[in-house]
Each structure stands twice: as structure tokens, then as C-alpha cells.
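Novice: This one is model17.txt, compact mmCIF, C-alpha atoms.
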# COMPACT_ATOMS: atom_id res chain seq x y z
CA MET A 1 -20.36 -19.84 -4.10
CA ASN A 2 -19.33 -23.36 -5.17
CA ARG A 3 -20.55 -22.72 -8.72
CA GLN A 4 -18.42 -19.58 -8.90
CA PHE A 5 -15.27 -21.46 -8.00
CA ASN A 6 -16.13 -24.36 -10.30
CA ARG A 7 -16.25 -21.86 -13.16
CA CYS A 8 -12.94 -20.42 -11.97
CA PHE A 9 -11.25 -23.81 -12.03
CA ALA A 10 -12.76 -24.68 -15.41
CA SER A 11 -11.46 -21.43 -16.90
CA THR A 12 -7.81 -22.15 -16.08
CA SER A 13 -5.54 -24.26 -18.21
CA THR A 14 -6.66 -27.85 -17.68
CA MET A 15 -3.47 -29.32 -19.07
CA PHE A 16 -1.33 -27.18 -16.75
CA LEU A 17 -3.33 -28.09 -13.67
CA TRP A 18 -3.31 -31.82 -14.35
CA ALA A 19 0.40 -31.74 -15.15
CA LEU A 20 1.11 -29.77 -11.98
CA PHE A 21 -1.03 -32.13 -9.93
CA LEU A 22 0.69 -35.27 -11.27
CA ILE A 23 4.15 -33.75 -10.88
CA ALA A 24 3.31 -32.64 -7.35
CA LEU A 25 2.10 -36.07 -6.30
CA THR A 26 5.13 -37.78 -7.82
CA ALA A 27 7.51 -35.30 -6.22
CA SER A 28 5.66 -35.65 -2.92
CA TYR A 29 6.16 -39.39 -2.90
CA LEU A 30 9.82 -39.15 -3.82
CA SER A 31 10.42 -36.40 -1.29
CA PHE A 32 8.68 -38.34 1.45
CA GLN A 33 10.60 -41.52 0.70
CA SER A 34 13.87 -39.61 0.75
CA PHE A 35 12.88 -37.91 3.98
CA VAL A 36 12.06 -41.17 5.73
CA ASP A 37 15.17 -42.91 4.44
CA SER A 38 17.38 -40.11 5.70
CA GLY A 39 16.27 -40.72 9.27
CA SER A 40 15.34 -37.08 9.79
CA ARG A 41 15.31 -35.73 13.30
CA TYR A 42 11.68 -34.68 12.94
CA PHE A 43 10.39 -38.24 13.09
CA THR A 44 12.71 -39.23 15.93
CA ALA A 45 11.32 -36.59 18.28
CA SER A 46 9.83 -38.18 21.36
CA TRP A 47 6.10 -37.89 21.93
CA GLY A 48 3.41 -39.81 23.70
CA GLY A 49 2.70 -40.86 27.23
CA ILE A 50 0.02 -40.13 29.81
CA GLN A 51 1.32 -36.67 30.75
CA TRP A 52 1.75 -35.68 27.11
CA GLU A 53 -1.82 -36.68 26.30
CA LYS A 54 -3.10 -34.84 29.36
CA GLN A 55 -1.41 -31.63 28.21
CA ILE A 56 -3.05 -31.97 24.81
CA ARG A 57 -6.51 -32.55 26.28
CA ASN A 58 -6.17 -29.62 28.64
CA SER A 59 -5.05 -27.34 25.84
CA ALA A 60 -7.97 -28.44 23.67
CA GLN A 61 -10.62 -27.69 26.29
CA ILE A 62 -13.29 -25.22 25.16
CA HIS A 63 -14.19 -22.41 27.55
CA ARG A 64 -17.06 -20.68 25.78
CA SER A 65 -20.52 -21.56 24.56
CA LYS A 66 -20.49 -22.99 21.02
CA GLY A 67 -16.72 -22.79 20.96
CA MET A 68 -14.43 -24.83 18.77
CA SER A 69 -11.43 -27.08 19.27
CA VAL A 70 -8.74 -26.19 16.77
CA LEU A 71 -5.55 -27.93 15.69
CA VAL A 72 -3.19 -25.16 14.54
CA THR A 73 -0.26 -26.33 12.43
CA GLY A 74 2.76 -24.05 12.32
CA ALA A 75 1.65 -22.72 15.71
CA ALA A 76 5.10 -21.37 16.59
CA GLY A 77 5.23 -19.48 13.30
CA PHE A 78 4.37 -15.84 12.72
CA VAL A 79 0.71 -16.12 11.72
CA GLY A 80 0.14 -19.37 13.61
CA SER A 81 1.15 -17.95 16.99
CA HIS A 82 -1.04 -14.86 16.59
CA VAL A 83 -4.07 -16.89 15.47
CA SER A 84 -3.58 -19.37 18.34
CA LEU A 85 -3.52 -16.57 20.92
CA ALA A 86 -6.65 -14.95 19.45
CA LEU A 87 -8.59 -18.22 19.54
CA LYS A 88 -7.50 -19.03 23.10
CA LYS A 89 -8.34 -15.52 24.28
CA ARG A 90 -11.98 -15.89 23.24
CA GLY A 91 -12.30 -19.33 24.85
CA ASP A 92 -11.64 -21.81 22.06
CA GLY A 93 -9.55 -24.93 22.59
CA VAL A 94 -6.20 -24.79 20.79
CA VAL A 95 -3.52 -27.42 20.24
CA GLY A 96 -0.48 -26.46 18.19
CA ILE A 97 2.09 -28.44 16.24
CA ASP A 98 5.38 -27.14 14.86
CA ASN A 99 8.66 -28.71 13.76
CA PHE A 100 10.79 -25.71 14.84
CA ASN A 101 13.01 -25.98 11.78
CA ASN A 102 15.94 -23.65 11.21
CA TYR A 103 14.75 -21.84 8.07
CA TYR A 104 15.20 -18.79 10.29
CA ASP A 105 16.43 -18.38 13.86
CA PRO A 106 14.54 -20.99 15.95
CA SER A 107 14.94 -18.80 19.04
CA LEU A 108 12.18 -16.55 17.69
CA LYS A 109 9.91 -19.57 17.37
CA LYS A 110 10.81 -20.61 20.91
CA ALA A 111 9.88 -17.12 22.12
CA ARG A 112 6.50 -17.40 20.43
CA LYS A 113 6.07 -20.85 21.98
CA SER A 114 6.73 -19.36 25.41
CA LEU A 115 3.99 -16.78 24.83
CA LEU A 116 1.55 -19.53 23.88
CA ASN A 117 2.54 -21.74 26.81
CA ASN A 118 1.88 -18.83 29.18
CA GLN A 119 -1.70 -18.73 27.87
CA GLY A 120 -2.22 -22.46 28.32
CA ILE A 121 -1.60 -23.46 24.70
CA PHE A 122 0.38 -26.67 24.27
CA ILE A 123 2.55 -27.03 21.17
CA VAL A 124 3.54 -30.49 20.02
CA GLU A 125 7.05 -30.54 18.57
CA GLY A 126 6.71 -32.68 15.47
CA ASP A 127 6.33 -32.71 11.71
CA ILE A 128 3.02 -32.73 9.84
CA ASN A 129 4.46 -35.47 7.61
CA ASP A 130 4.49 -37.81 10.61
CA ALA A 131 1.23 -39.63 9.89
CA ARG A 132 1.38 -41.59 13.16
CA LEU A 133 1.69 -38.39 15.19
CA ILE A 134 -1.14 -36.64 13.34
CA ALA A 135 -3.38 -39.69 13.73
CA LYS A 136 -2.58 -39.79 17.44
CA LEU A 137 -3.58 -36.15 17.89
CA PHE A 138 -6.94 -36.83 16.22
CA ASP A 139 -7.34 -39.90 18.41
CA ILE A 140 -6.84 -37.83 21.57
CA VAL A 141 -8.97 -34.84 20.54
CA GLY A 142 -12.04 -34.63 18.32
CA PHE A 143 -10.98 -31.41 16.62
CA THR A 144 -13.84 -29.42 15.12
CA HIS A 145 -11.48 -27.34 12.99
CA VAL A 146 -7.96 -27.42 11.58
CA MET A 147 -6.09 -24.17 10.95
CA HIS A 148 -3.29 -25.29 8.65
CA LEU A 149 -0.54 -22.66 8.62
CA ALA A 150 2.56 -24.89 8.57
CA ALA A 151 4.53 -24.40 5.35
CA GLN A 152 7.92 -23.78 3.89
CA ALA A 153 7.72 -20.06 3.27
CA GLY A 154 9.77 -17.70 1.14
CA VAL A 155 10.05 -17.26 -2.62
CA ARG A 156 13.82 -17.01 -3.09
CA TYR A 157 14.81 -19.87 -0.78
CA ALA A 158 13.14 -22.30 -3.21
CA MET A 159 16.11 -21.87 -5.52
CA GLU A 160 18.40 -23.19 -2.76
CA ASN A 161 16.26 -25.94 -1.25
CA PRO A 162 13.39 -26.90 -3.57
CA HIS A 163 12.70 -30.25 -1.90
CA SER A 164 11.75 -28.57 1.38
CA TYR A 165 8.81 -26.92 -0.42
CA VAL A 166 7.53 -30.18 -1.82
CA HIS A 167 8.01 -31.89 1.53
CA SER A 168 6.16 -29.27 3.60
CA ASN A 169 3.69 -27.65 1.22
CA ILE A 170 2.54 -30.71 -0.73
CA ALA A 171 3.44 -33.95 1.06
CA GLY A 172 2.68 -32.42 4.47
CA LEU A 173 -0.64 -31.09 3.26
CA VAL A 174 -1.67 -34.50 1.92
CA THR A 175 -0.68 -36.21 5.19
CA LEU A 176 -2.83 -33.76 7.13
CA LEU A 177 -5.81 -34.06 4.77
CA GLU A 178 -5.63 -37.85 5.00
CA ALA A 179 -6.02 -37.60 8.77
CA CYS A 180 -8.87 -35.11 8.40
CA LYS A 181 -10.73 -37.28 5.90
CA LEU A 182 -10.59 -40.32 8.20
CA ALA A 183 -11.63 -38.43 11.34
CA ASN A 184 -15.13 -38.96 12.68
CA PRO A 185 -16.51 -36.35 12.69
CA GLN A 186 -14.39 -34.68 10.05
CA PRO A 187 -13.08 -31.22 10.97
CA SER A 188 -13.49 -28.15 8.82
CA VAL A 189 -10.17 -27.10 7.27
CA VAL A 190 -8.91 -23.55 6.85
CA TRP A 191 -5.45 -23.26 5.35
CA ALA A 192 -2.93 -20.71 4.13
CA SER A 193 -2.55 -20.48 0.38
CA SER A 194 -0.73 -17.39 -0.88
CA SER A 195 -1.10 -14.32 -3.06
CA SER A 196 1.91 -15.77 -4.90
CA VAL A 197 -0.47 -18.03 -6.84
CA TYR A 198 -1.39 -15.04 -9.02
CA GLY A 199 2.13 -15.30 -10.44
CA LEU A 200 2.54 -13.50 -13.75
CA ASN A 201 -1.05 -12.25 -13.77
CA GLU A 202 -1.06 -8.55 -14.71
CA LYS A 203 -4.73 -7.78 -14.07
CA VAL A 204 -5.14 -5.68 -10.94
CA PRO A 205 -6.42 -5.83 -8.34
CA PHE A 206 -6.05 -9.61 -8.03
CA SER A 207 -9.43 -11.35 -7.68
CA GLU A 208 -10.15 -14.92 -6.64
CA SER A 209 -11.59 -15.69 -10.09
CA ASP A 210 -8.43 -14.56 -11.92
CA ARG A 211 -6.22 -17.13 -13.65
CA THR A 212 -3.58 -18.69 -11.43
CA ASP A 213 -1.87 -21.07 -13.85
CA GLN A 214 1.31 -19.06 -14.40
CA PRO A 215 3.34 -19.35 -11.17
CA ALA A 216 6.54 -17.30 -11.02
CA SER A 217 8.21 -19.43 -8.33
CA LEU A 218 8.29 -22.96 -6.98
CA TYR A 219 6.75 -21.67 -3.76
CA ALA A 220 3.79 -20.33 -5.76
CA ALA A 221 3.51 -23.61 -7.67
CA THR A 222 3.32 -25.62 -4.43
CA LYS A 223 0.60 -23.33 -3.08
CA LYS A 224 -1.35 -23.62 -6.34
CA ALA A 225 -0.95 -27.39 -6.15
CA GLY A 226 -2.32 -27.15 -2.61
CA GLU A 227 -5.44 -25.45 -3.89
CA GLU A 228 -6.00 -28.24 -6.40
CA ILE A 229 -5.33 -30.94 -3.82
CA THR A 230 -7.70 -29.44 -1.25
CA HIS A 231 -10.36 -29.11 -3.94
CA THR A 232 -9.97 -32.81 -4.65
CA TYR A 233 -10.42 -33.74 -0.98
CA ASN A 234 -13.47 -31.50 -0.79
CA HIS A 235 -14.98 -33.08 -3.90
CA ILE A 236 -14.24 -36.74 -3.07
CA TYR A 237 -14.38 -36.86 0.73
CA GLY A 238 -16.68 -33.99 1.72
CA LEU A 239 -14.11 -31.94 3.62
CA SER A 240 -15.11 -28.33 4.21
CA VAL A 241 -12.15 -26.33 2.92
CA THR A 242 -11.32 -22.63 2.98
CA GLY A 243 -8.10 -21.40 1.37
CA LEU A 244 -6.71 -17.99 2.31
CA ARG A 245 -4.44 -16.09 -0.05
CA PHE A 246 -2.36 -13.92 2.29
CA PHE A 247 -0.84 -10.70 0.97
CA THR A 248 2.58 -9.76 2.48
CA VAL A 249 1.86 -10.13 6.18
CA TYR A 250 3.95 -8.03 8.59
CA GLY A 251 4.04 -7.07 12.25
CA PRO A 252 5.51 -7.94 15.68
CA PHE A 253 7.12 -11.38 15.97
CA GLY A 254 7.27 -11.53 12.18
CA ARG A 255 9.59 -13.52 9.94
CA PRO A 256 13.21 -12.29 9.80
CA ASP A 257 13.47 -13.17 6.10
CA MET A 258 10.82 -10.61 5.16
CA ALA A 259 12.06 -7.31 3.69
CA TYR A 260 10.61 -5.00 6.37
CA PHE A 261 12.27 -7.13 9.08
CA SER A 262 15.70 -7.43 7.45
CA PHE A 263 15.63 -3.74 6.46
CA THR A 264 15.05 -2.81 10.09
CA ARG A 265 17.91 -5.02 11.27
CA ASN A 266 20.38 -3.70 8.70
CA ILE A 267 19.42 -0.06 9.14
CA LEU A 268 20.02 -0.30 12.89
CA GLN A 269 23.33 -2.08 12.32
CA GLY A 270 24.51 0.51 9.80
CA LYS A 271 24.55 -2.04 6.98
CA PRO A 272 23.30 -1.31 3.44
CA ILE A 273 19.90 -2.60 2.34
CA THR A 274 19.20 -3.93 -1.15
CA ILE A 275 16.13 -2.47 -2.83
CA TYR A 276 14.99 -4.18 -6.02
CA ARG A 277 13.28 -2.36 -8.84
CA GLY A 278 11.34 -3.76 -11.77
CA LYS A 279 11.49 -3.27 -15.51
CA ASN A 280 12.02 0.30 -16.71
CA ARG A 281 13.15 1.20 -13.19
CA VAL A 282 9.64 0.86 -11.79
CA ASP A 283 9.50 0.53 -8.00
CA LEU A 284 8.25 -2.77 -6.63
CA ALA A 285 5.01 -2.54 -4.66
CA ARG A 286 3.31 -4.83 -2.17
CA ASP A 287 -0.12 -5.01 -0.56
CA PHE A 288 1.30 -5.02 2.98
CA THR A 289 -1.22 -6.46 5.46
CA TYR A 290 -0.87 -6.09 9.22
CA ILE A 291 -0.94 -9.27 11.28
CA ASP A 292 -3.99 -8.26 13.36
CA ASP A 293 -6.04 -7.87 10.18
CA ILE A 294 -4.90 -11.27 8.92
CA VAL A 295 -5.88 -12.84 12.26
CA LYS A 296 -9.38 -11.39 11.94
CA GLY A 297 -9.66 -12.96 8.50
CA CYS A 298 -8.44 -16.33 9.77
CA VAL A 299 -10.85 -16.36 12.71
CA GLY A 300 -13.72 -15.18 10.50
CA SER A 301 -12.97 -18.04 8.10
CA LEU A 302 -13.11 -20.56 10.93
CA ASP A 303 -16.39 -19.11 12.20
CA THR A 304 -18.06 -19.32 8.77
CA SER A 305 -16.42 -22.48 7.47
CA GLY A 306 -19.50 -24.69 7.55
CA LYS A 307 -19.28 -28.39 8.31
CA SER A 308 -17.57 -31.23 6.54
CA THR A 309 -20.02 -33.83 5.32
CA GLY A 310 -17.94 -36.99 5.29
CA SER A 311 -17.40 -39.66 7.90
CA GLY A 312 -14.58 -42.16 8.05
CA GLY A 313 -13.40 -41.19 4.59
CA LYS A 314 -16.82 -41.39 2.91
CA LYS A 315 -18.60 -38.32 1.54
CA ARG A 316 -22.26 -37.93 2.46
CA GLY A 317 -23.01 -34.69 0.66
CA PRO A 318 -21.50 -31.51 -0.82
CA ALA A 319 -19.35 -29.42 1.52
CA PRO A 320 -18.21 -25.79 1.26
CA TYR A 321 -15.11 -25.01 -0.79
CA ARG A 322 -13.98 -21.39 -0.60
CA ILE A 323 -10.99 -19.23 -1.46
CA PHE A 324 -10.48 -15.69 -0.17
CA ASN A 325 -7.94 -12.93 -0.62
CA LEU A 326 -6.78 -11.42 2.67
CA GLY A 327 -4.99 -8.18 1.91
CA ASN A 328 -5.06 -4.48 2.67
CA THR A 329 -6.07 -3.23 -0.83
CA SER A 330 -3.52 -0.39 -0.65
CA PRO A 331 -0.21 -1.34 -2.31
CA VAL A 332 2.83 0.64 -1.15
CA THR A 333 6.18 0.84 -2.96
CA VAL A 334 9.27 -0.58 -1.28
CA PRO A 335 11.07 2.81 -1.24
CA THR A 336 8.08 4.24 0.64
CA LEU A 337 8.34 1.37 3.13
CA VAL A 338 11.99 2.27 3.71
CA LYS A 339 11.17 5.94 4.29
CA ILE A 340 8.59 4.98 6.93
CA LEU A 341 11.12 2.74 8.68
CA GLU A 342 13.72 5.54 8.63
CA ARG A 343 11.24 7.88 10.26
CA HIS A 344 10.34 5.48 13.08
CA LEU A 345 13.89 4.27 13.63
CA ARG A 346 15.34 7.78 13.33
CA VAL A 347 18.20 6.32 11.32
CA LYS A 348 19.00 6.91 7.65
CA ALA A 349 19.23 3.79 5.48
CA LYS A 350 22.17 3.04 3.21
CA ARG A 351 20.46 2.09 -0.04
CA ASN A 352 21.75 -0.29 -2.69
CA ILE A 353 19.27 -0.16 -5.58
CA VAL A 354 19.51 -3.00 -8.13
CA ASP A 355 17.37 -4.51 -10.85
CA MET A 356 15.13 -7.36 -9.74
CA PRO A 357 16.76 -10.73 -10.54
CA GLY A 358 14.82 -13.64 -11.94
CA ASN A 359 14.38 -15.34 -8.57
CA GLY A 360 10.62 -15.79 -8.49
CA ASP A 361 9.61 -12.39 -7.16
CA VAL A 362 6.84 -10.44 -8.87
CA PRO A 363 6.78 -6.65 -9.37
CA PHE A 364 3.55 -5.94 -7.51
CA THR A 365 0.65 -7.40 -5.55
CA HIS A 366 -2.78 -5.87 -5.03
CA ALA A 367 -5.73 -7.64 -3.42
CA ASN A 368 -9.39 -7.36 -4.27
CA ILE A 369 -11.00 -8.24 -0.92
CA SER A 370 -14.66 -7.67 -1.80
CA LEU A 371 -15.46 -11.39 -1.50
CA ALA A 372 -13.91 -11.64 1.98
CA GLN A 373 -15.70 -8.46 3.00
CA ARG A 374 -19.01 -9.90 1.91
CA GLU A 375 -18.62 -13.46 3.19
CA LEU A 376 -16.37 -13.01 6.26
CA GLY A 377 -17.02 -9.45 7.31
CA TYR A 378 -13.31 -8.89 6.72
CA LYS A 379 -12.22 -5.27 7.04
CA PRO A 380 -8.54 -4.34 7.38
CA THR A 381 -8.04 -1.33 9.64
CA THR A 382 -4.26 -0.86 9.93
CA ASP A 383 -2.33 1.19 7.37
CA LEU A 384 1.40 0.66 6.79
CA GLU A 385 2.44 3.75 8.75
CA THR A 386 0.60 2.57 11.86
CA GLY A 387 1.59 -1.06 11.47
CA LEU A 388 5.30 -0.34 11.03
CA LYS A 389 5.25 1.93 14.07
CA LYS A 390 3.96 -1.00 16.14
CA PHE A 391 6.52 -3.34 14.59
CA VAL A 392 9.45 -1.01 15.28
CA LYS A 393 8.34 -0.58 18.88
CA TRP A 394 8.29 -4.36 19.31
CA TYR A 395 11.62 -4.83 17.50
CA LEU A 396 13.49 -2.27 19.62
CA THR A 397 12.18 -3.88 22.80
CA TYR A 398 12.65 -7.51 21.76
CA TYR A 399 16.23 -7.04 20.58
CA GLY A 400 17.28 -4.87 23.49
CA TYR A 401 17.63 -1.44 21.88
CA ASN A 402 15.39 -0.03 24.62
CA ARG A 403 17.80 -1.42 27.20
CA GLY A 404 20.76 0.62 26.09
CA LYS A 405 21.81 -1.35 23.01
CA ALA A 406 23.59 0.98 20.61
CA VAL A 407 21.79 2.28 17.53
CA HIS A 408 24.19 3.17 14.71
Mind turning this structure into C-alpha cells?
Specialist:
Amino acid sequence: MNRQFNRCFASTSTMFLWALFLIALTASYLSFQSFVDSGSRYFTASWGGIQWEKQIRNSAQIHRSKGMSVLVTGAAGFVGSHVSLALKKRGDGVVGIDNFNNYYDPSLKKARKSLLNNQGIFIVEGDINDARLIAKLFDIVGFTHVMHLAAQAGVRYAMENPHSYVHSNIAGLVTLLEACKLANPQPSVVWASSSSVYGLNEKVPFSESDRTDQPASLYAATKKAGEEITHTYNHIYGLSVTGLRFFTVYGPFGRPDMAYFSFTRNILQGKPITIYRGKNRVDLARDFTYIDDIVKGCVGSLDTSGKSTGSGGKKRGPAPYRIFNLGNTSPVTVPTLVKILERHLRVKAKRNIVDMPGNGDVPFTHANISLAQRELGYKPTTDLETGLKKFVKWYLTYYGYNRGKAVH
């Protein structure tokens, strides 16, 4: 497995990767310095104390034989909340951390937090760039695994706020890996990369060994930089690392900035929806993957991650380094997505069809999941029709349409 990925890395453009790595580290430092100097609210959040530590220890308690204790970053996020609940349900210890930023409505994150709290999962409100906080968490709990899902998401938003991507996706990742490398014993790390790393690649379906040195967005570039950085920590410090390239995750409690979510909102409100099309009027297509299938892939990655081999920052032997695609393998066009939503919502959409702007989006995604099937036992079972039906049912209930709220 390691030899396969070494060949993959060697086959990509060495000059691009080194340039990206150096730029990322420089930008990370500058972003971090600016962040600290600005006196951000994230670092002023109060934490600590006997009761606070007790809540963390209780949340981290393992309630099954051979269970694991997992630090989940981005635990109040879409994927993070679902993964946390799945781990807790089977008896693993789970401690979450989230900064509850306002990239989208924080009330949705608070609702997810409430669900986790009801299941005995404690979420620390803090930023992964706060090295003192991260070190404190590792001091309180000897985490066996880290599920790193905190990130600045979204392709288009990078054009408005590029520094947030460097801050979260690069500087935050390094801060977390530094804590992991110094821990004794070191945890195994599973983290969210992205299908966006395939960028301008036109070979389909996308395979883990394909070139990923042509990012189409800053978001993709930060995720690619993350893959290089995690490889470095694996190579130098013996951290067991598994990167997961998610393909267009959707479902209940999802992100409001995603197309399926915003389409649903606008259709119900009688507002027009914007549908992009590619060159030569070709419909955009995505490998939509239901959240429950993604959770299975995340948990399977934790279960098969293998152990880190370092101690106190010193490597004692080779450790696993893996990358997997987690997708559905069945791309669906955006117009087809809209038709399914119309059917479940029983409302006709007002379409505004325009050519795709140069904002970092790509015309299609399509995952080859044979490696994840073989190594993780990963097998997606939810098609888009079924998944959107579940999402719409949740949406109508959560936003009060089932309590008499008017549908246009």
C-alpha cells in the first residue's frame, strides 16, 4: 500500500508540490500571526477548570471491549456530528471540538451540538489553531484516534475570504499534527481531504493514483497541501495517517451552502434557483454521496487505521499512510437533482440556467471506490432518490413546514 502511494507522489509534478508546500507554510505562518495579532474571539473563549476537565473525561470514556477514544474536530459540523454520534452509539469515547464560526448559520451547528450533548458527547468550543487548548485536551485524555473534520469548506467562498482557508485548512492542520506527534502514545489520524484535489483532471472515474497537481480552486489547493503535509508527518514522525477524499456529501443536518440545500430552501420560498452548465451547454454532474455512507467510510477508516509508531515526536518505525475516495460511483446531473427535489417537495422550481463562471467549480466528479471497497469494506447503499427523500423529510420538519408553515 505504502509503495503504491509513494509511486503516486513521485509521479506528480515535484516542482508544483514543493512550491505549493513552501507557499502553504509561509502563508500559514503569516495567517497565524495576523490571527493572533487581531485578538480573535476564538482564542479568548474561556476553557479549563475542574468541571470542564471532568466533562471531557466522561465524554471520552469507552463503553465497549477494544473500543477507542476519539477526538473529533469540527464535531458540530455536518459530517463531524454524524460521525460522533455513530462512534458514541457503538460505545467509543468521543470528545468534540468546534469553533462555531459563522460561515453559515451557527444555529444549525448549535442544534447539532444539542443532539450530541443529549448522547453524552461533550464539545469544546475552541479553535484548532489554539495550540494550548489542543495540548490541554491531549493532556487530559490519551486519545487513541483523531478524526479531523474541521475545515473551511466551500469552493466559491475562497474568492471572498482566502485567508480563512489557509488559517483553518493548513495552519490548523499543522497545529493539530504537532500535538499528535508529541503525544505519548501517538494517536492514529484520519482526516477529511476532498475530491476537489482532482481539480482539472479529466480522466474518469477519479482514482487515488491519478494526478492531483492541477487544483481549480484555493480550497482544493489547501486540501492538496494537507495531503503533502500529512505525508511529511507520517514520514518523519511515524504518525498513522488516512486521508479521505469525500465526494459531494448530502443529507439531514447538511450544510446550507450546498446546492441541494439552497435549492430546497429557494424552491419552497418561491425564489428562482441558479443552475450552472458547463462548456457546450453540458450539464454539471456530481457524485452525490449520502451522509450515512460517508459515516461508514469514516468509521471503517478508524477501525483499520493501524497504529502510529512514534513517541514524543520521535519515529520508531514506518506507519501506515493511506488515501481513499469515498463516493457513490454514480454521478447525477444537477438538473436531475432538481427534478427529484421537485417531486419530493411537490413544488415546481423556477430555473435560472447560466454558464458556469470561473469560480473554482469543476464540471463533474466521479469516484473510483475500488480501493476503499477492498481495504475498508466500504459499500455505499443509498441512491440519490432515496437520500433526497430522507433529506426533504428532515428539512420540512426542522424548518417547521410540517407544523403549518406555508409552502409556496
Novice: Write out as AutoDock Vina command-line options an axis-aligned box for segment 89-98 of chain A: all of its atoms listed in the file, 8 Å added on each side, centre and edge lengths in Å with one decimal.
Specialist:
--center_x -3.5 --center_y -22.0 --center_z 19.9 --size_x 33.7 --size_y 28.9 --size_z 26.0
Novice: For segment 183-189 of chain A, work out the shell of residues within 7 Å, counting all atoms listed in the file and skipping chain neighbours fewer than 4 positions away, then give it as a list in words.
Specialist: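 Within the cut-off, the hits are Phe138, Phe143, Thr144, His145, Val146, Met147, Ala179, Leu239, Ser240, Val241, Thr242, Ser305, Lys307, Ser308, Gly310, Ser311 and Gly312 of chain A.
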Novice: Using all atoms listed in the file, I'd like a table of the residues in segment 89-127 of chain A that come within 12 Å of segment 50-53 of chain A; for each, show the closest atom pair and its distance in Å rounded to one decimal, ordered by chain and ascending number, as a tab-separated table.
Specialist:
residue	atom	partner	partner_atom	distance
A:Val95	CA	A:Glu53	CA	11.2
A:Phe122	CA	A:Trp52	CA	9.5
A:Ile123	CA	A:Trp52	CA	10.5
A:Val124	CA	A:Trp52	CA	9.0
A:Glu125	CA	A:Trp52	CA	11.3
Novice: Contacts of Leu85 of chain A at 9 Å or less, counting all atoms listed in the file, minus same-chain residues fewer than 4 places along, as an MDAnalysis selection string?
Specialist: chainID A and resid 80:81 89:90 94 115:116 119 121
Novice: For those residues, write C-alpha atoms to a file as a PDB file, in the coordinates of the input.
Specialist:
ATOM      1  CA  GLY A  80       0.140 -19.370  13.610  1.00  0.00           C
ATOM      2  CA  SER A  81       1.150 -17.950  16.990  1.00  0.00           C
ATOM      3  CA  LYS A  89      -8.340 -15.520  24.280  1.00  0.00           C
ATOM      4  CA  ARG A  90     -11.980 -15.890  23.240  1.00  0.00           C
ATOM      5  CA  VAL A  94      -6.200 -24.790  20.790  1.00  0.00           C
ATOM      6  CA  LEU A 115       3.990 -16.780  24.830  1.00  0.00           C
ATOM      7  CA  LEU A 116       1.550 -19.530  23.880  1.00  0.00           C
ATOM      8  CA  GLN A 119      -1.700 -18.730  27.870  1.00  0.00           C
ATOM      9  CA  ILE A 121      -1.600 -23.460  24.700  1.00  0.00           C
TER      10      ILE A 121
END
Novice: Between atom CA of Ser262 of chain A and atom CA of Val166 of chain A, what distance in Å does the model show, to one decimal?
Specialist: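 Computing the Euclidean distance for atom CA of Ser262 of chain A and atom CA of Val166 of chain A yields 25.9 Å.
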Novice: Need the shell around Asn129 of chain A: protein/DNA/RNA residues with any atom at most 7 Å away, counting all atoms listed in the file. Skip same-chain ones fewer than 3 positions apart. Format as a list in words?
Specialist: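 Answer for this query is Ala171, Gly172 and Thr175 of chain A.
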Novice: Would you mind telling me which residue in A:Leu182, A:Leu326, A:Ala372, A:Leu302 lies nearest to Lys314 of chain A when using all atoms listed in the file?
Specialist: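 Among A:Leu182, A:Leu326, A:Ala372, A:Leu302, it is A:Leu182 that comes nearest to Lys314 of chain A.
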Novice: In Å, rounded to a single decimal, give me how far atom CA of Asp283 of chain A is from atom CA of Val332 of chain A.
Specialist: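 Between atom CA of Val332 of chain A and atom CA of Asp283 of chain A the gap works out to 9.6 Å.
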Novice: Counting all atoms listed in the file, which of A:Trp47, A:Ile62, A:Ala158, A:Leu200 gets nearest to Gly142 of chain A?
Specialist: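 Ranked by minimum distance to Gly142 of chain A, first place goes to A:Ile62.
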Novice: Within 8 Å of segment 284-295 of chain A, counting only C-alpha atoms, which residues qualify if same-chain residues fewer than 4 places away don't, as a VMD selection string?
Specialist: chain A and resid 79 82 to 83 86 246 to 252 276 to 278 299 326 to 334 363 to 367 379 to 384 387
Novice: Residues near Asp127 of chain A, anyone? I mean within 9 Å using only C-alpha atoms, not counting same-chain ones fewer than 2 positions away, as a PyMOL selection string.
Specialist: chain A and resi 42-43+97-100+125+129-131+133-134+168+172
Novice: My list of candidates is A:Val282, A:Ile369, A:Ala150, A:Leu173. Which is closest to Met356 of chain A when distances are computed with all atoms listed in the file?
Specialist: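 Nearest candidate to Met356 of chain A out of A:Val282, A:Ile369, A:Ala150, A:Leu173: A:Val282.
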Novice: Looking at only C-alpha atoms, which of A:Ser107, A:Gly297, A:Asp303, A:Phe206 is the one that sits closest to Lys66 of chain A?
Specialist: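 Result for the nearest residue to Lys66 of chain A: A:Asp303.
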Novice: At most 10 Å from (16.9, 1.1, -0.3), file frame, all atoms listed in the file: which residues, as a PyMOL selection string?
Specialist: chain A and resi 263+267+272-277+334-339+349-354
